[in-house]
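One structure below.
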Amino acid sequence: MIEPVVEQAARTELLADALFDALVRLLGFALLAFGTAGTAAALFRWYSADELAEGIGILIGVTAVAVWLNTKTALQDAILGTTPLLETETAIYTVAAFVGSAIAADGGRRIGDRLARSAFAGVAPGTIDDVGQLVRSVGRVIAVELPESIEDADGHDPVDAATKAALAGQTLRFPRGLTVDQLRDRLATRLERDYGVGHVDVDLAADGEVEYLALGSRPTGIGPTLAPGRVAVAVRGDPAADAAPGDAVRIWARAGDDYRRVADGELRGTAADVATVALDREDARALGSDADHRLVTLPETADAERELVSALRAADETVAAVPVDAGGALEGAAVGSLPALVLAIERDGDVLALPGEGDRLAAGDVAHVLGRPDALRRLPER
């Protein structure tokens, strides 16, 4: 009677030891997965300033446990001692090891990411020393808040008050990972496209904060594209079927049974049987309001004045007259050292066109400068 009791007690003790050994090993696997996933999350946060995906963190932790279990020692000795691989206890033990490791890996990923975020959140450059400097951002996007006060861009017509009011205080979001120059271009493009703004002059800090914002409208209509001494008139008369704006045309007016030549001009647009033509002011007076006209397309290109005006109208640059004050930053400055193109200098009633790079500005001069609004704004503070 005593031997069966002793044998039963021995089996119970062996089972308890085996169970305790299995729990210890499961705890070890959980710690292995926890540490591996936490380290991976911290490294990923340091490298990309982003959070490691949940599924990837669990996969990394479970992979470390799987590598351990698939070694010769883990399969033959570590898994419940000498228990064969195909027994039920082994299967339960293996499943428990993977489930516990997955839970521990997710916890390690969260804690590792939190610790890394606390350690690296304040690490960012304080000044812009490189053109490729990334905008500082601790979130997934860059939030750019527009100032309440919006200025008018130098050299451009002002934007209407309603547009300024709609933009004041607005918060625009952009993808993270942009440099300061890229963010400035994205912001200018967004304002021009979504709000119909013609020109944007903006200064950004290293963290994306708007330090200065000025807007200007782009000239519209025919008037800004007309050269001095020319006007645009509507003429009743069909041009050629393939005529397009910009073509040179010759206008003929009916005189009895014949036609007489009236003027030469440039076609700007058509609507049904009415054509808009740009021509000299004196030639426009010869057009009759009720006369029947005929437009003939000429094999000529548009004149240089119109091409220049059209190019300036479409460009971001504009022309401004900058006075040179006595004792100011521009007095004595060489033309070639300025961040804009000097087209002409007015001095004592004379005009010096296209001055050389070595020519210097003097007090009382007026410099006619071609450049972007931001360059023109900084010119007097050079």
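Residues in the structure tokens are named by chain (A, B, ... in the order shown) and by number from 1 within that chain; ligands are numbered from 1 in the order shown.
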With a distance cut-off of 7 Å and only C-alpha atoms, select the neighbouring residues of segment 340-348 of chain A, excluding the residue or stretch itself and same-chain residues fewer than 4 positions from it, and output the selection as a ChimeraX atom specification.
/A:335,352-355,365-371,375
Give me the residues near Leu31 of chain A as a list in words, where near means some atom within 12 Å (using only C-alpha atoms) and where sequence neighbours in that chain fewer than 2 positions away do not count.
Val24, Arg25, Leu26, Leu27, Gly28, Phe29, Ala33, Phe34, Gly35, Thr36, Ala37, Gly38, Gly61, Val62, Ala64, Val65, Ala97, Gly100, Ser101, Ala102, Ile103, Ala104, Ala105, Asp106, Gly107 and Gly108 of chain A
Give me the segment 192-269 of chain A side of the contact with segment 165-170 of chain A, cut-off 12 Å, one line per residue showing its nearest atom pair and distance in Å at one decimal, counting only C-alpha atoms, sorted by chain and residue number, as CSV.
```
residue,atom,partner,partner_atom,distance
A:Glu192,CA,A:Leu167,CA,11.8
A:Asp194,CA,A:Leu167,CA,10.7
A:Tyr195,CA,A:Leu167,CA,8.5
A:Gly196,CA,A:Leu167,CA,11.5
A:Val197,CA,A:Leu167,CA,10.8
A:Val210,CA,A:Gly169,CA,10.8
A:Leu213,CA,A:Ala168,CA,10.2
A:Ala214,CA,A:Leu167,CA,11.4
A:Leu215,CA,A:Leu167,CA,10.5
```
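Taking atom CA of Glu145 of chain A as the reference point, atom CA of Arg186 of chain A is found at 13.8 Å.
The coordinates place atom CA of Ser217 of chain A at 5.3 Å from atom CA of Asp157 of chain A.
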Between A:Ala42, A:Phe174, A:Phe98, A:Ala205, which one has atoms that come closest to Arg190 of chain A, using only C-alpha atoms?
A:Phe174
Counting only C-alpha atoms, which of A:Arg268, A:Arg285, A:His293, A:Arg250 gets nearest to Asp238 of chain A?
A:His293
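Separating atom CA of Arg378 of chain A from atom CA of Arg193 of chain A is a distance of 25.7 Å.
Minimum atom-to-atom distance to Pro380 of chain A, evaluated using only C-alpha atoms, belongs to A:Glu331 out of A:Asp242, A:Glu266, A:Asp359, A:Glu331.
Nearest residue to Ala320 of chain A, choosing from A:Arg372, A:Arg236, A:Arg218, A:Arg109 and counting only C-alpha atoms: A:Arg372.
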Return as a PyMOL selection string the full set of residues in segment 143-366 of chain A whose backbone-based DSSP assignment is strand (DSSP E).
chain A and resi 143-145+151-152+171-175+199-204+210-216+230-236+248-255+258-271+274-280+293-297+318-323+341-347+350-353+366
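Between Gly358 of chain A and the residues A:His156, A:Gly336, A:Leu330, A:Ile150, the shortest atom-to-atom distance, using only C-alpha atoms, involves A:Gly336.
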